[in-house]
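Taking it in order: structure first as structure tokens, then the write-up.
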Amino acid sequence: MTGRKPARISRRTLLTGGAGLAGLGVGAVAVGVGHELSGPDSAESAGQQTLPFFGEHQSGIATPMQAHAAFLGIDLLDPADHVTLQGFLRMWSQDAANLVQGKPGFSDTEQELGTAPSRLSVAAGLGPRVFTSPTLAPRRPSWLAPLPAFAIDRLDERWGQTDLVVAVASDDPMTLAHAVRVVVAPIRRRCRLRWTQQGFHHDRNLFGQVDGTVQPADDRYDDLVWDDGSDQQWMAGGTSLVLRRIAMNMDTWEAIDRPGRELSLGRTLDNGAPLTGTAEHDEPNFSATRGGIPVIPAESHIARAHQRTDREQFVRRPYSYDLAPEPGESSNSGLIFATYQRDPVAQFVPVQQRLSDHDALNEWTTPIGSAVYAMLPGASRDGYLGETLFGSE
Amino acid sequence: MARRHILRSARLTALAAATVASIALLGACSTDSTDNSPEADAVTVSVQWVKAVEGDSPGGGMTAAFAKIANGSDRDVRIVSASSGVSEQVQLHEVVDSGGTTTMKEKDGGFVVPSNGSLTMTPGGEHFMFMGVQRPIRAGQQVAITVRFADGSTTRVDALARDFDGNQENYSPDHSGEHR
């Protein structure tokens with residue numbers, strides 16, 4: 001596989017962790033932080049880029065964002081049936097380990113659709129209800145609970161908390177669709193697929209804003225993202241996922257002119273630079289004023305979202321969705337906002353609370369879905385996802 | 001990674017029920033002291049799975065298991081039978097084309113796994129045929145299959161049940177008698 005080359009690497013790629021780059025096998029490629037590598041795949045390597053399945057952490061969390069993703073929200077028929085849950089996790093491990101390498105799943109009947117993995121990742125997580133049985137209750141991560149209710153929320157149960165989540169992502173939408181089928185088909189009569197949230201990633205969201213700019217520094221992942229096992233030993237190497245679905249009102253956003261849009265966000269639209277800077281990753285200066293007025297308004301999105309303490313940092317993985325509008329509507333667009341952090345209560349909630357209390361963007365955005373999951377540690381070779389949870393049961 | 005599901009007869013397992021089975025198999029293997037190593041030691045099983053089945057039909061349900069069986073030795077090995085606690089019987093089936101229609105039938109002489117080669121059992125091809133399944137085998141459940149070779153050695157295969165609608169078992173009227 002010496003001909004393997006990294007896919008398009010964006011600036012964001014370089015900010016989302018060295019682990020991902022190592023997984024891509026680009027160690028030998030000179031990657032200078034701050035430089036943007038780009039270029040089309042060679043025909044030979046197209047679709048053959050792979051991410052590891054086995055390892056300390058699940059792929060698809062710190063790895064550079066793939067272009068397409070599907071989050072599957074799955075309920076168990078009986079949350080206390082650990083044998084079945086363990087079977088599901090073993091099956092997903094069997095299939096995913098093959099799929100990420102471009103090989104067929106075990107009971108895969110469309111194996112030709114999986115030959116171009118295109119950085120496929122399959123990551124699984126557990127919701128709070130899994131930990132309601134007497135056996136697993138003592139193993140529930142302390143933070144694994146619904147987020148507090150936020151005043152801005154208009155949550156629809158249709159996008160609500162489920163027992164399990166599987167986050168599948170790939171640069172190739174056919175590979176993604178096939179992998180989703182392989183995940184769901186072998187368990188379809190023993191679970192309930194509550195929702196599927198499909199999205200695509202671009203450096204911008206559908207409001208045209210450069211999105212996902214602020215990320216933890218590469219050397220903070222062990223501290224801010226990956227669980228160290230101090231709360232629950234079995235979670236070491238895992239993390240949490242907060243999955244928020246945010247509807248974006250394209251019609252009312254259209255009514256805002258460009259300066260108004262930039263003031264509401266606190267960044268320019270052309271390159272995402274803070275209004276006090278010239279480049280996307282310039283540090284915003286919230287105390288700068290012009291004519292006595294703050295250049296970045298205090299109620300702007302970035303002023304409200306900006307970390308007030310060192311712990312208020314998390315990985316942002318925004319995927320846009322753009323579905324067929326409901327009858328009588330002209331758009332059905334928004335953002336699947338996935339964040340990963342060691343402890344959502346300490347890291348994510350304070351930021352979300354500030355945004356709920358006041359964020360200029362709230363006028364055009366509405367959270368309609370919310371769920372929290374314990375994302376499992378990576379599977380050890382010859383092991384399976386969730387093994388540490390059940391290992392000494 | 002599939003290899004972890006294979007518990008050689010001599011290997012103990014964490015499952016209490018399996019421990020009993022393993023001890024029994026240990027005894028079987030210890031009697032094999034010829035110069036040739038047991039056939040079971042030559043094979044590696046992977047991609048093993050079983051079709052989930054409700055098992056509520058009169059006389060018991062039918063289902064099938066599939067796997068890839070690789071033979072790393074320089075001689076052919078032959079699978080002569082298989083058994084499982086979840087069904088009254090496990091037959092070694094092949095699917096044959098008889099005048100335009102495919103039918104399942106027992107494979108004469110069992111399955112040969114060629115030296116330094118492999119046998120891939122898939123829906124529509126060779127498979128372990130479970131007959132007389134009295135209780136449901138549901139997706140996520142693990143099924144232990146004991147595979148017996150011509151020399152009497154055995155390998156235990158742990159296969160997870162998966163929801164799957166292929167490999168329709170009931171379409172072979174010629175063999176309906178056999179299938180009870």
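The way I read the labels, and the way they are meant: chains A, B, ... in the order of the structure tokens, residue 1 as the first residue of every chain, and ligand 1 as the first ligand shown, with later ones counted on from there.
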
Find the nearest atom pair between each residue of chain A and chain B for residues within 9 Å, count only C-alpha atoms, give distances in Å to one decimal, sort rows by chain and ascending number, and present the table as a tab-separated table.
```
residue	atom	partner	partner_atom	distance
A:Val83	CA	B:Gln141	CA	6.8
A:Thr84	CA	B:Gly140	CA	4.6
A:Leu85	CA	B:Gly140	CA	7.0
A:Gln86	CA	B:Gly140	CA	7.2
A:Gly87	CA	B:Gly140	CA	3.9
A:Phe88	CA	B:Gly140	CA	5.3
A:Leu89	CA	B:Gly140	CA	8.5
A:Arg90	CA	B:Gly140	CA	8.2
A:Met91	CA	B:Leu160	CA	7.2
A:Ser93	CA	B:Met1	CA	8.8
A:Gln94	CA	B:Ala2	CA	6.8
A:Ala97	CA	B:Met1	CA	8.0
A:Gly105	CA	B:Val47	CA	8.4
A:Phe106	CA	B:Val47	CA	5.5
A:Ser107	CA	B:Phe164	CA	7.6
A:Thr109	CA	B:Gly166	CA	9.0
A:Ala185	CA	B:Asp163	CA	6.6
A:Pro186	CA	B:Asp163	CA	4.3
A:Ile187	CA	B:Ala139	CA	5.6
A:Arg188	CA	B:Asp163	CA	6.5
A:Arg189	CA	B:Asp163	CA	6.6
A:Arg190	CA	B:Ala139	CA	6.3
A:Arg381	CA	B:Met1	CA	6.3
A:Asp382	CA	B:Met1	CA	4.1
A:Gly383	CA	B:Met1	CA	6.8
A:Tyr384	CA	B:Met1	CA	8.4
```

Checklist entry - Could you name the residues that touch stretch 103-110 of chain B at 6 Å or less, counting only C-alpha atoms, but leaving out those on the same chain fewer than 6 positions away, as a list of chain:residue names? => result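 In the requested form, the answer reads B:Ile79, B:Val80, B:Leu92, B:His93, B:Glu94, B:Val95, B:Val96, B:Ser172.
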
Output file for the selection above: C-alpha atoms, as a PDB file, in the first residue's frame:
```
ATOM      1  CA  ILE B  79     -15.028 -31.937   7.588  1.00  0.00           C
ATOM      2  CA  VAL B  80     -17.276 -34.919   8.144  1.00  0.00           C
ATOM      3  CA  LEU B  92     -23.267 -30.406   5.649  1.00  0.00           C
ATOM      4  CA  HIS B  93     -25.153 -29.046   2.667  1.00  0.00           C
ATOM      5  CA  GLU B  94     -24.311 -28.010  -0.813  1.00  0.00           C
ATOM      6  CA  VAL B  95     -26.554 -26.283  -3.310  1.00  0.00           C
ATOM      7  CA  VAL B  96     -26.734 -28.059  -6.650  1.00  0.00           C
ATOM      8  CA  SER B 172     -36.335 -28.112  -1.732  1.00  0.00           C
TER       9      SER B 172
END
```

Checklist entry - Could you pull the residues within 12 Å of stretch 371-373 of chain A, counting only C-alpha atoms, minus those fewer than 4 positions along the same chain, as a ChimeraX atom specification? => result /A:71-74,123-131,140-149,155-167,195,235,238-245,336-345,348-349,367

Checklist entry - Which parts of stretch 241-355 of chain A does DSSP call alpha helix (DSSP H) when run on the backbone here, written out as a list in words? => result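 The alpha helix (DSSP H) residues within stretch 241-355 of chain A come out as Met250, Asp251, Thr252, Trp253, Glu254, Arg258, Pro259, Gly260, Arg261, Glu262, Leu263, Ser264, Leu265, His301, Ile302, Ala303, Arg304, Ala305, Pro344, Val345, Ala346, Gln347, Val349, Pro350, Val351, Gln352, Gln353, Arg354 and Leu355 of chain A.
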
Checklist entry - Using only C-alpha atoms, which residues sit within 9 Å of B:Gly132 once same-chain residues fewer than 2 positions away are excluded, as a PyMOL selection string? => result chain B and resi 55+59-62+86-90+130+134+179-180
